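*Asks:* What follows is a single structure, and I will ask about it in a moment.
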Amino acid sequence: MQKIAELMQAKAIELLESGKAEKVLAWRAGEFFYDNAPAAFSNVDACKEIVYNEFCPANLAKYLIEATKQQKKTAVFLKPCDTYGVNQLLKDNRIKREYFYAVGTPCSGMLDEKKMKALGAKAILAVTCEGDKIIVETAYGTKEFAKEDVLLDKCIMCKGNKYKIADEELGEKLETPKFTGDKFAAVKAIEAMPEEERFAFWQAELSKCIRCNACRDICPACSCEQCIFDNQDAPVAGKAAADDVEEQLFHLIRAYHVAGRCVGCGECARVCPQGVKLGLLNLKFIKDINEFYGAYQAGADATTPSPLVSYKDNDPEAEEALQRRG
Amino acid sequence: MLKDTAKFEPKIVAFCCNWCSYAGADGAGTARKNYPANVKIIKVPCSCRVNPMFILRAFQRGADGVILCGCHPGDCHYSTGNYYTRRRMALLMSMLNFMGVAEDRFRVEWVSAAEGAKFAEVMNDFVAKITALGENVKLRDLRCKK
Ligand code: SF4
Ligand code: SF4
Ligand code: FES
């Protein structure tokens with residue numbers, strides 16, 4: 001993907017020089033090889049710092065809210081999956097089309113350094129990809145992994161290499177990971193548990209949460225100006241898990257809040273420092289919506305109304321819906 | 001000991017839309033149909049005014065059962081409000097079930113202004129069911145820090 005990084009640098013310079021954009025959103029190298037971080041570039045000379053490789057999982061879409069607020073035309077590099085979030089932000093009226101320029105950026109799946117470490121790669125120095133082979137240089141020699149074993153969780157169920165919104169596409173599309181299983185398998189397994197087991201599962205799962213808000217902050221569907229989980233009166237207490245609404249209902253409310261708008265990007269679960277299985281709650285809503293009201297993919301476009309702001313005369317009643325669930 | 005022998009009296013919150021269900025409750029009264037005093041009615045302009053937070057908050061603040069009543073689909077005073085309610089609440093109920101929080105503590109019923117008898121019947125039935133289920137602790141314990 002080194003070639004793509006060069007294309008990005010050139011594109012960023014071109015957009016800035018031509019005045020097509022005042023600012024470019026991309027990724028910059030972090031402290032370690034695996035933590036490339038989102039960064040904004042408004043200076044042509046700095047554009048050589050733009051990096052791109054298998055460790056750029058972050059979706060830059062949400063920074064466009066700021067761009068719209070400042071009314072600054074901003075160019076943004078978007079991987080195929082990132083474009084869903086952009087459409088959702090457009091649909092939710094959180095960003096305006098005239099303030100951003102979307103550059104489709106090819107992706108072949110992002111990698112998870114934690115999985116490499118778990119598989120025994122210690123002191124990793126560099127990672128290179130050769131098709132489905134991942135070569136890892138470590139201080140103790142070279143290791144080789146199959147790509148599917150070290151793919152980032154959110155990339156396992158990749159939605160494909162098509163951009164759902166883009167003003168232009170950079171280079172050739174790459175082949176994305178193929179997922180052939182049932183993406184609702186884990187949800188179905190929980191549905192099949194007895195009630196007490198389900199409750200115990202979630203109690204244990206949600207008790208891991210330290211209420212850092214990362215899952216909320218990263219989400220392209222979670223973009224209210226004022227969040228009930230920010231205590232307006234006490235900014236310090238706001239994060240101290242002080243009140244019981246936060247304590248007991250955070251996850252239920254977070255997941256419900258994005259129901260019908262969650263694009264299934266998997267960012268929330270990726271950024272969770274505690275490994276809370278947030279994706280299961282989102283997937284549960286997606287599954288129910290598909291079954292009760294017909295298949296729907298949030299972020300596939302910026303116009304189809306979300307299922308929770310539409311209805312049919314013959315929608316199932318609540319109890320009926322529960323029975324009908326497959 | 002006293003607690004064990006005392007009869008459990010569930011707290012039931014009933015959200016009723018102003019135009020049909022609240023009038024239905026009135027109808028139950030004028031027709032002298034009894035329903036238990038456990039039911040505390042909160043009047044809302046339309047069933048659609050109720051968002052999932054209302055239901056969750058009621059549980060969290062100690063309700064043992066929550067019931068949402070509105071006009072029959074097609075009869076909403078604001079034409080379409082209850083159609084949105086129906087989707088919203090179906091998803092909420094399914095999620096409560098998924099998380100193992102007894103979804104049968106929550107119910108949605110359509111009660112028209114003319115259905116005083118139905119209102120009383122629904123409430124009697126719901127109170128009986130919740131009494132049998134006992135005190136609601138689960139939602140409050142969803143996150144249990146050990
Ligand atoms: S809830 Fe999670 S998976 Fe869904 S859009 Fe937000 S960050 Fe992405
Ligand atoms: S990111 Fe994880 S730990 Fe942080 S608030 Fe979300 S679920 Fe809790
Ligand atoms: S007014 Fe009764 S449900 Fe809308």
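FYI, nothing fancy with the structure tokens labels: chains A, B, ... in order, residues from 1 per chain, ligands from 1 as they appear.
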Kindly work out which residues sit at most 10 Å from ligand 2, using only C-alpha atoms and all ligand atoms, and give the list as a PyMOL selection string.

*Replies:* chain A and resi 205-218+239+241+246+250-251+254+267-278

*Asks:* Around ligand 3, which protein and nucleic acid residues have at least one atom no more than 12 Å from it, if we count only C-alpha atoms and all ligand atoms? List them as a compact mmCIF listing (two decimals) with all heavy atoms, in the first residue's frame.

*Replies:*
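That gives us out.txt:
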# COMPACT_ATOMS: atom_id res chain seq x y z
N PHE B 15 -48.32 4.62 30.44
CA PHE B 15 -48.31 5.83 29.61
C PHE B 15 -49.54 5.77 28.71
O PHE B 15 -49.71 4.80 27.96
CB PHE B 15 -47.04 5.89 28.75
CG PHE B 15 -45.78 6.11 29.55
CD1 PHE B 15 -44.95 5.05 29.89
CD2 PHE B 15 -45.43 7.39 29.97
CE1 PHE B 15 -43.79 5.25 30.62
CE2 PHE B 15 -44.27 7.60 30.71
CZ PHE B 15 -43.44 6.53 31.03
N CYS B 16 -50.40 6.78 28.80
CA CYS B 16 -51.62 6.76 27.99
C CYS B 16 -51.70 8.02 27.14
O CYS B 16 -51.52 9.13 27.65
CB CYS B 16 -52.85 6.73 28.89
SG CYS B 16 -52.98 5.21 29.84
N CYS B 17 -51.99 7.85 25.87
CA CYS B 17 -52.13 9.02 25.02
C CYS B 17 -53.42 9.73 25.37
O CYS B 17 -54.41 9.13 25.75
CB CYS B 17 -52.05 8.65 23.55
SG CYS B 17 -53.60 8.25 22.79
N ASN B 18 -53.38 11.02 25.23
CA ASN B 18 -54.46 11.89 25.64
C ASN B 18 -55.78 11.59 24.93
O ASN B 18 -56.85 11.68 25.51
CB ASN B 18 -54.02 13.34 25.34
CG ASN B 18 -55.05 14.35 25.74
OD1 ASN B 18 -55.70 14.19 26.77
ND2 ASN B 18 -55.21 15.37 24.93
N TRP B 19 -55.68 11.21 23.66
CA TRP B 19 -56.88 11.22 22.83
C TRP B 19 -57.69 9.95 22.88
O TRP B 19 -58.90 9.99 22.73
CB TRP B 19 -56.50 11.56 21.38
CG TRP B 19 -55.82 12.89 21.34
CD1 TRP B 19 -54.49 13.13 21.29
CD2 TRP B 19 -56.45 14.17 21.43
NE1 TRP B 19 -54.22 14.47 21.33
CE2 TRP B 19 -55.42 15.14 21.41
CE3 TRP B 19 -57.78 14.60 21.51
CZ2 TRP B 19 -55.68 16.50 21.47
CZ3 TRP B 19 -58.02 15.96 21.57
CH2 TRP B 19 -56.99 16.90 21.55
N CYS B 20 -57.02 8.82 23.02
CA CYS B 20 -57.77 7.57 23.06
C CYS B 20 -57.67 6.90 24.42
O CYS B 20 -58.64 6.75 25.13
CB CYS B 20 -57.28 6.61 21.97
SG CYS B 20 -57.94 7.04 20.35
N SER B 21 -56.46 6.51 24.77
CA SER B 21 -56.31 5.63 25.93
C SER B 21 -56.65 6.32 27.24
O SER B 21 -57.25 5.72 28.13
CB SER B 21 -54.90 5.07 25.97
OG SER B 21 -54.62 4.49 24.72
N TYR B 22 -56.26 7.58 27.35
CA TYR B 22 -56.58 8.30 28.59
C TYR B 22 -58.09 8.43 28.71
O TYR B 22 -58.67 8.25 29.78
CB TYR B 22 -55.91 9.67 28.61
CG TYR B 22 -55.92 10.29 29.99
CD1 TYR B 22 -55.00 9.89 30.96
CD2 TYR B 22 -56.87 11.26 30.33
CE1 TYR B 22 -55.03 10.44 32.23
CE2 TYR B 22 -56.90 11.81 31.60
CZ TYR B 22 -55.97 11.40 32.55
OH TYR B 22 -56.00 11.93 33.80
N ALA B 23 -58.72 8.72 27.58
CA ALA B 23 -60.18 8.79 27.55
C ALA B 23 -60.77 7.41 27.85
O ALA B 23 -61.81 7.31 28.51
CB ALA B 23 -60.66 9.30 26.20
N GLY B 24 -60.07 6.37 27.40
CA GLY B 24 -60.51 5.00 27.69
C GLY B 24 -60.47 4.74 29.19
O GLY B 24 -61.39 4.12 29.75
N LYS B 43 -50.16 10.78 31.53
CA LYS B 43 -50.80 11.20 30.28
C LYS B 43 -49.76 11.81 29.34
O LYS B 43 -48.96 12.64 29.75
CB LYS B 43 -51.90 12.21 30.60
CG LYS B 43 -52.67 12.64 29.37
CD LYS B 43 -54.01 13.24 29.74
CE LYS B 43 -53.87 14.68 30.20
NZ LYS B 43 -55.18 15.35 30.31
N VAL B 44 -49.76 11.35 28.11
CA VAL B 44 -48.86 11.91 27.10
C VAL B 44 -49.71 12.36 25.90
O VAL B 44 -50.79 11.81 25.68
CB VAL B 44 -47.81 10.88 26.62
CG1 VAL B 44 -46.73 10.67 27.66
CG2 VAL B 44 -48.44 9.54 26.26
N PRO B 45 -49.25 13.35 25.15
CA PRO B 45 -50.07 13.85 24.04
C PRO B 45 -50.37 12.76 23.00
O PRO B 45 -51.45 12.75 22.42
CB PRO B 45 -49.24 14.97 23.43
CG PRO B 45 -47.97 15.05 24.18
CD PRO B 45 -48.02 14.13 25.35
N CYS B 46 -49.39 11.88 22.78
CA CYS B 46 -49.56 10.83 21.77
C CYS B 46 -48.62 9.71 22.18
O CYS B 46 -47.58 9.96 22.80
CB CYS B 46 -49.16 11.38 20.40
SG CYS B 46 -49.09 10.15 19.09
N SER B 47 -48.95 8.48 21.85
CA SER B 47 -48.07 7.37 22.23
C SER B 47 -46.67 7.60 21.67
O SER B 47 -45.68 7.14 22.22
CB SER B 47 -48.63 6.04 21.74
OG SER B 47 -48.65 6.00 20.33
N CYS B 48 -46.60 8.33 20.58
CA CYS B 48 -45.34 8.60 19.90
C CYS B 48 -44.45 9.55 20.71
O CYS B 48 -43.26 9.67 20.44
CB CYS B 48 -45.65 9.20 18.54
SG CYS B 48 -44.25 9.45 17.51
N ARG B 49 -45.03 10.19 21.71
CA ARG B 49 -44.23 11.07 22.57
C ARG B 49 -43.29 10.24 23.44
O ARG B 49 -42.31 10.75 23.97
CB ARG B 49 -45.16 11.91 23.45
CG ARG B 49 -44.46 12.79 24.48
CD ARG B 49 -43.64 13.86 23.79
NE ARG B 49 -42.83 14.64 24.73
CZ ARG B 49 -41.63 14.31 25.14
NH1 ARG B 49 -41.10 13.17 24.74
NH2 ARG B 49 -40.96 15.08 25.96
N VAL B 50 -43.61 8.99 23.60
CA VAL B 50 -42.84 8.14 24.50
C VAL B 50 -41.64 7.56 23.76
O VAL B 50 -41.79 6.87 22.75
CB VAL B 50 -43.73 6.99 25.02
CG1 VAL B 50 -42.91 6.04 25.89
CG2 VAL B 50 -44.91 7.55 25.79
N LEU B 68 -47.66 0.80 27.74
CA LEU B 68 -47.86 1.97 26.89
C LEU B 68 -49.15 1.78 26.10
O LEU B 68 -49.32 0.77 25.42
CB LEU B 68 -46.65 2.11 25.95
CG LEU B 68 -46.76 3.09 24.78
CD1 LEU B 68 -47.07 4.50 25.25
CD2 LEU B 68 -45.45 3.10 23.99
N CYS B 69 -50.07 2.74 26.25
CA CYS B 69 -51.35 2.62 25.55
C CYS B 69 -51.53 3.79 24.59
O CYS B 69 -51.23 4.94 24.92
CB CYS B 69 -52.51 2.62 26.54
SG CYS B 69 -52.41 1.31 27.74
N GLY B 70 -52.05 3.48 23.42
CA GLY B 70 -52.31 4.53 22.44
C GLY B 70 -53.53 4.18 21.62
O GLY B 70 -54.17 3.14 21.83
N CYS B 71 -53.87 5.07 20.71
CA CYS B 71 -55.00 4.84 19.81
C CYS B 71 -54.70 3.63 18.92
O CYS B 71 -53.54 3.30 18.68
CB CYS B 71 -55.21 6.04 18.91
SG CYS B 71 -55.17 7.63 19.75
N HIS B 72 -55.70 2.99 18.42
CA HIS B 72 -55.49 1.88 17.49
C HIS B 72 -54.77 2.40 16.24
O HIS B 72 -55.02 3.52 15.81
CB HIS B 72 -56.84 1.26 17.09
CG HIS B 72 -57.42 0.41 18.18
ND1 HIS B 72 -57.18 -0.94 18.27
CD2 HIS B 72 -58.21 0.73 19.24
CE1 HIS B 72 -57.81 -1.41 19.34
NE2 HIS B 72 -58.44 -0.42 19.95
N PRO B 73 -53.89 1.57 15.67
CA PRO B 73 -53.21 1.99 14.44
C PRO B 73 -54.23 2.46 13.41
O PRO B 73 -55.24 1.80 13.19
CB PRO B 73 -52.49 0.71 13.98
CG PRO B 73 -52.26 -0.05 15.24
CD PRO B 73 -53.43 0.24 16.11
N GLY B 74 -53.96 3.61 12.84
CA GLY B 74 -54.91 4.19 11.89
C GLY B 74 -55.78 5.25 12.53
O GLY B 74 -56.34 6.10 11.85
N ASP B 75 -55.89 5.20 13.87
CA ASP B 75 -56.78 6.14 14.56
C ASP B 75 -56.05 7.23 15.34
O ASP B 75 -56.67 7.99 16.07
CB ASP B 75 -57.67 5.38 15.56
CG ASP B 75 -58.72 4.56 14.86
OD1 ASP B 75 -58.92 4.80 13.64
OD2 ASP B 75 -59.33 3.69 15.50
N CYS B 76 -54.72 7.28 15.23
CA CYS B 76 -53.98 8.26 16.02
C CYS B 76 -54.48 9.67 15.70
O CYS B 76 -54.74 10.00 14.55
CB CYS B 76 -52.48 8.14 15.71
SG CYS B 76 -51.47 9.44 16.42
N HIS B 77 -54.62 10.46 16.75
CA HIS B 77 -55.09 11.84 16.60
C HIS B 77 -54.18 12.63 15.65
O HIS B 77 -54.61 13.56 15.00
CB HIS B 77 -55.12 12.49 17.98
CG HIS B 77 -55.74 13.85 17.99
ND1 HIS B 77 -57.10 14.03 17.85
CD2 HIS B 77 -55.20 15.08 18.09
CE1 HIS B 77 -57.36 15.34 17.89
NE2 HIS B 77 -56.23 15.99 18.04
N TYR B 78 -52.94 12.24 15.63
CA TYR B 78 -51.98 12.90 14.74
C TYR B 78 -51.69 12.02 13.52
O TYR B 78 -50.59 12.09 12.96
CB TYR B 78 -50.70 13.23 15.51
CG TYR B 78 -51.00 13.98 16.78
CD1 TYR B 78 -51.11 13.32 18.00
CD2 TYR B 78 -51.23 15.36 16.75
CE1 TYR B 78 -51.43 14.00 19.16
CE2 TYR B 78 -51.56 16.03 17.92
CZ TYR B 78 -51.66 15.36 19.11
OH TYR B 78 -51.99 16.04 20.25
N SER B 79 -52.64 11.21 13.15
CA SER B 79 -52.61 10.33 11.98
C SER B 79 -51.64 9.17 12.05
O SER B 79 -52.01 8.02 11.90
CB SER B 79 -52.30 11.08 10.67
OG SER B 79 -53.13 12.18 10.55
N THR B 80 -50.34 9.47 12.27
CA THR B 80 -49.35 8.41 12.09
C THR B 80 -48.48 8.14 13.32
O THR B 80 -47.65 7.24 13.28
CB THR B 80 -48.39 8.77 10.93
OG1 THR B 80 -47.85 10.05 11.19
CG2 THR B 80 -49.13 8.80 9.61
N GLY B 81 -48.69 8.92 14.39
CA GLY B 81 -47.81 8.80 15.56
C GLY B 81 -47.63 7.37 16.03
O GLY B 81 -46.50 6.90 16.22
N ASN B 82 -48.73 6.65 16.16
CA ASN B 82 -48.61 5.31 16.76
C ASN B 82 -47.95 4.28 15.84
O ASN B 82 -47.49 3.25 16.29
CB ASN B 82 -49.96 4.83 17.30
CG ASN B 82 -51.06 4.93 16.28
OD1 ASN B 82 -50.80 5.22 15.10
ND2 ASN B 82 -52.29 4.72 16.71
N TYR B 83 -47.88 4.59 14.55
CA TYR B 83 -47.14 3.68 13.66
C TYR B 83 -45.65 3.71 14.00
O TYR B 83 -44.97 2.69 13.95
CB TYR B 83 -47.32 4.06 12.19
CG TYR B 83 -48.69 3.73 11.63
CD1 TYR B 83 -49.50 4.72 11.10
CD2 TYR B 83 -49.15 2.42 11.62
CE1 TYR B 83 -50.74 4.42 10.56
CE2 TYR B 83 -50.39 2.11 11.10
CZ TYR B 83 -51.19 3.11 10.57
OH TYR B 83 -52.41 2.81 10.05
N TYR B 84 -45.17 4.89 14.32
CA TYR B 84 -43.75 5.00 14.73
C TYR B 84 -43.56 4.34 16.09
O TYR B 84 -42.57 3.65 16.32
CB TYR B 84 -43.32 6.47 14.78
CG TYR B 84 -43.41 7.17 13.45
CD1 TYR B 84 -44.42 8.09 13.19
CD2 TYR B 84 -42.50 6.89 12.44
CE1 TYR B 84 -44.52 8.72 11.96
CE2 TYR B 84 -42.58 7.51 11.21
CZ TYR B 84 -43.59 8.43 10.97
OH TYR B 84 -43.69 9.04 9.76
N THR B 85 -44.53 4.58 16.97
CA THR B 85 -44.47 3.95 18.30
C THR B 85 -44.33 2.44 18.16
O THR B 85 -43.53 1.81 18.85
CB THR B 85 -45.77 4.23 19.08
OG1 THR B 85 -46.07 5.61 18.98
CG2 THR B 85 -45.65 3.81 20.52
N ARG B 86 -45.11 1.90 17.25
CA ARG B 86 -45.14 0.45 17.10
C ARG B 86 -43.77 -0.10 16.74
O ARG B 86 -43.30 -1.08 17.32
CB ARG B 86 -46.18 0.07 16.04
CG ARG B 86 -46.38 -1.40 15.89
CD ARG B 86 -47.69 -1.73 15.24
NE ARG B 86 -47.78 -1.25 13.86
CZ ARG B 86 -48.85 -1.44 13.09
NH1 ARG B 86 -49.90 -2.07 13.56
NH2 ARG B 86 -48.86 -1.00 11.86
N VAL B 108 -47.39 -3.19 25.14
CA VAL B 108 -47.99 -2.12 24.33
C VAL B 108 -49.41 -2.54 24.01
O VAL B 108 -49.64 -3.68 23.59
CB VAL B 108 -47.21 -1.91 23.02
CG1 VAL B 108 -47.80 -0.75 22.22
CG2 VAL B 108 -45.73 -1.65 23.30
N GLU B 109 -50.38 -1.67 24.25
CA GLU B 109 -51.78 -1.99 23.95
C GLU B 109 -52.45 -0.81 23.27
O GLU B 109 -52.20 0.34 23.62
CB GLU B 109 -52.56 -2.30 25.25
CG GLU B 109 -52.27 -3.65 25.85
CD GLU B 109 -52.90 -4.83 25.11
OE1 GLU B 109 -53.78 -4.61 24.24
OE2 GLU B 109 -52.50 -5.98 25.41
N TRP B 110 -53.30 -1.10 22.32
CA TRP B 110 -54.09 -0.04 21.68
C TRP B 110 -55.47 -0.04 22.31
O TRP B 110 -56.18 -1.04 22.27
CB TRP B 110 -54.18 -0.25 20.17
CG TRP B 110 -52.84 -0.54 19.52
CD1 TRP B 110 -52.53 -1.64 18.78
CD2 TRP B 110 -51.66 0.27 19.52
NE1 TRP B 110 -51.24 -1.58 18.34
CE2 TRP B 110 -50.67 -0.41 18.79
CE3 TRP B 110 -51.32 1.49 20.09
CZ2 TRP B 110 -49.38 0.08 18.59
CZ3 TRP B 110 -50.04 1.99 19.90
CH2 TRP B 110 -49.09 1.30 19.16
N VAL B 111 -55.84 1.08 22.92
CA VAL B 111 -57.13 1.19 23.59
C VAL B 111 -57.82 2.47 23.13
O VAL B 111 -57.29 3.56 23.30
CB VAL B 111 -56.94 1.25 25.13
CG1 VAL B 111 -58.29 1.33 25.83
CG2 VAL B 111 -56.16 0.04 25.64
N SER B 112 -58.99 2.33 22.56
CA SER B 112 -59.68 3.52 22.05
C SER B 112 -60.47 4.19 23.17
O SER B 112 -60.64 3.63 24.26
CB SER B 112 -60.62 3.14 20.90
OG SER B 112 -61.85 2.67 21.43
N ALA B 113 -60.98 5.39 22.88
CA ALA B 113 -61.74 6.15 23.87
C ALA B 113 -63.02 5.42 24.25
O ALA B 113 -63.56 5.60 25.34
CB ALA B 113 -62.06 7.53 23.30

*Asks:* Within 12 Å of stretch 29-33 of chain B, counting only C-alpha atoms, which residues show up once you throw out same-chain ones fewer than 5 positions away? Write them as a ChimeraX atom specification, please.

*Replies:* /B:22-24,113-124

*Asks:* For ligand 1, list the contacting residues at 6 Å or closer, counting only C-alpha atoms and all ligand atoms, as a PyMOL selection string.

*Replies:* chain A and resi 218-221+258+262-268+282

*Asks:* Could you save the residues just selected, with all heavy atoms, as a tab-separated table (two decimals), in the first residue's frame?

*Replies:*
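What landed in again_27.tsv:
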chain	number	residue	atom	x	y	z
A	218	ILE	N	-16.48	7.66	18.64
A	218	ILE	CA	-15.98	7.24	17.32
A	218	ILE	C	-17.13	7.07	16.33
A	218	ILE	O	-16.93	7.13	15.12
A	218	ILE	CB	-15.19	5.92	17.46
A	218	ILE	CG1	-14.31	5.66	16.22
A	218	ILE	CG2	-16.10	4.73	17.64
A	218	ILE	CD1	-13.00	6.34	16.25
A	219	CYS	N	-18.33	6.87	16.82
A	219	CYS	CA	-19.44	6.39	15.97
A	219	CYS	C	-19.97	7.46	15.03
A	219	CYS	O	-20.33	8.55	15.44
A	219	CYS	CB	-20.55	5.89	16.88
A	219	CYS	SG	-22.03	5.42	15.99
A	220	PRO	N	-20.04	7.15	13.72
A	220	PRO	CA	-20.56	8.12	12.77
A	220	PRO	C	-22.08	8.33	12.89
A	220	PRO	O	-22.62	9.25	12.31
A	220	PRO	CB	-20.21	7.51	11.41
A	220	PRO	CG	-20.07	6.05	11.66
A	220	PRO	CD	-19.57	5.92	13.07
A	221	ALA	N	-22.74	7.47	13.66
A	221	ALA	CA	-24.19	7.64	13.82
A	221	ALA	C	-24.50	8.33	15.15
A	221	ALA	O	-25.64	8.71	15.41
A	221	ALA	CB	-24.88	6.29	13.75
A	258	VAL	N	-28.55	4.38	18.06
A	258	VAL	CA	-28.05	4.25	16.69
A	258	VAL	C	-28.81	3.18	15.90
A	258	VAL	O	-28.47	2.88	14.76
A	258	VAL	CB	-26.53	3.96	16.65
A	258	VAL	CG1	-25.76	5.12	17.23
A	258	VAL	CG2	-26.18	2.68	17.38
A	262	CYS	N	-27.02	2.72	12.58
A	262	CYS	CA	-25.71	2.07	12.69
A	262	CYS	C	-25.36	1.45	11.35
A	262	CYS	O	-26.13	0.67	10.80
A	262	CYS	CB	-25.77	0.99	13.77
A	262	CYS	SG	-24.41	-0.19	13.69
A	263	VAL	N	-24.20	1.83	10.82
A	263	VAL	CA	-23.81	1.33	9.50
A	263	VAL	C	-23.05	0.01	9.60
A	263	VAL	O	-22.64	-0.56	8.59
A	263	VAL	CB	-22.96	2.38	8.74
A	263	VAL	CG1	-23.75	3.66	8.54
A	263	VAL	CG2	-21.65	2.66	9.47
A	264	GLY	N	-22.84	-0.45	10.81
A	264	GLY	CA	-22.15	-1.71	11.00
A	264	GLY	C	-20.66	-1.63	10.69
A	264	GLY	O	-20.08	-2.57	10.17
A	265	CYS	N	-20.06	-0.50	11.01
A	265	CYS	CA	-18.64	-0.32	10.66
A	265	CYS	C	-17.72	-1.01	11.64
A	265	CYS	O	-16.55	-1.23	11.36
A	265	CYS	CB	-18.31	1.16	10.59
A	265	CYS	SG	-18.50	2.04	12.14
A	266	GLY	N	-18.24	-1.33	12.83
A	266	GLY	CA	-17.43	-2.04	13.81
A	266	GLY	C	-16.42	-1.17	14.53
A	266	GLY	O	-15.59	-1.66	15.31
A	267	GLU	N	-16.49	0.14	14.33
A	267	GLU	CA	-15.53	1.02	14.99
A	267	GLU	C	-15.70	1.04	16.51
A	267	GLU	O	-14.71	1.09	17.24
A	267	GLU	CB	-15.67	2.45	14.42
A	267	GLU	CG	-14.99	2.65	13.08
A	267	GLU	CD	-13.47	2.68	13.21
A	267	GLU	OE1	-12.87	1.58	13.13
A	267	GLU	OE2	-12.89	3.76	13.40
A	268	CYS	N	-16.93	0.98	16.97
A	268	CYS	CA	-17.18	1.05	18.41
A	268	CYS	C	-16.48	-0.09	19.14
A	268	CYS	O	-15.82	0.11	20.15
A	268	CYS	CB	-18.68	1.06	18.71
A	268	CYS	SG	-19.61	-0.23	17.86
A	282	ASN	N	-25.47	-3.94	18.34
A	282	ASN	CA	-25.80	-3.28	17.07
A	282	ASN	C	-26.35	-4.28	16.07
A	282	ASN	O	-27.34	-4.02	15.40
A	282	ASN	CB	-24.57	-2.61	16.48
A	282	ASN	CG	-23.92	-1.66	17.44
A	282	ASN	OD1	-24.59	-0.97	18.19
A	282	ASN	ND2	-22.60	-1.61	17.45

*Asks:* Could you write out as a VMD selection string the residues of chain A within 8 Å of chain B, counting only C-alpha atoms?

*Replies:* chain A and resid 190 to 191 195 to 200 202 to 204 206 to 207 245 247 to 249 253 256 284 to 285 288 to 289 308 to 313 315 to 319 321 to 322

*Asks:* With distances taken over only C-alpha atoms, which of A:Tyr52, A:Phe77, A:Trp27, A:Phe33 is nearest to A:Glu6?

*Replies:*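 Between A:Tyr52, A:Phe77, A:Trp27, A:Phe33, the residue approaching A:Glu6 most closely is A:Tyr52.
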
*Asks:* For B:Ala37, which of B:Glu9, B:Asp64, B:Phe59, B:Phe54 is the closest residue, counting only C-alpha atoms?

*Replies:* B:Glu9

*Asks:* Report the residues of stretch 139-215 of chain A whose backbone DSSP state falls under strand (DSSP E or B), written as a PDB file with C-alpha atoms, in the first residue's frame.

*Replies:*
ATOM      1  CA  GLY A 141      13.357 -13.157  13.644  1.00  0.00           C
ATOM      2  CA  THR A 142      10.685 -13.318  10.992  1.00  0.00           C
ATOM      3  CA  LYS A 143       7.227 -14.780  11.419  1.00  0.00           C
ATOM      4  CA  GLU A 144       4.571 -15.504   8.856  1.00  0.00           C
ATOM      5  CA  PHE A 145       0.793 -15.462   9.361  1.00  0.00           C
ATOM      6  CA  ALA A 146      -2.238 -16.127   7.232  1.00  0.00           C
ATOM      7  CA  LEU A 151      -7.359  -9.432  10.158  1.00  0.00           C
ATOM      8  CA  GLU A 168     -12.978  10.566  -7.224  1.00  0.00           C
ATOM      9  CA  GLU A 169     -11.240   7.254  -6.689  1.00  0.00           C
TER      10      GLU A 169
END

*Asks:* Near B:Ala58, counting only C-alpha atoms, which residues have an atom at most 10 Å away, once you skip same-chain residues fewer than 4 positions from it, shown as a PyMOL selection string?

*Replies:* chain B and resi 11-14+53-54+62-66

*Asks:* If we count only C-alpha atoms, what is near A:Ala126 at a cut-off of 8 Å, once residues fewer than 5 positions away on the same chain are taken out, given as JSON, numbers by chain?

*Replies:* {"A": [33, 136, 137, 138]}

*Asks:* So that I can check the secondary structure, give me every residue of stretch 29-140 of chain A assigned helix (DSSP H, G or I) by backbone DSSP, as an NGL selection string.

*Replies:* :A and (44-49 or 61-70 or 82-91 or 97-99 or 113-118)

*Asks:* Restricting the calculation to only C-alpha atoms: of A:Thr83, A:Asn36, A:Thr74, A:Thr303, which residue gets closest to A:Glu98?

*Replies:* A:Thr74

*Asks:* Please, what distance in Å, to one decimal, runs between atom CA of A:Ile13 and atom CA of A:Val44?

*Replies:*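 Taking atom CA of A:Ile13 and atom CA of A:Val44, their separation equals 5.4 Å.
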
*Asks:* Distance atom CA of A:Cys224-atom CA of A:Val76, one decimal place?

*Replies:*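 One can read the atom CA of A:Cys224 to atom CA of A:Val76 distance as 21.6 Å.
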
*Asks:* Report the distance between atom CA of A:Asp149 and atom CA of A:Gly109 in Å, rounded to one decimal place.

*Replies:*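 Rounded to one decimal, the two atoms are 11.9 Å apart.
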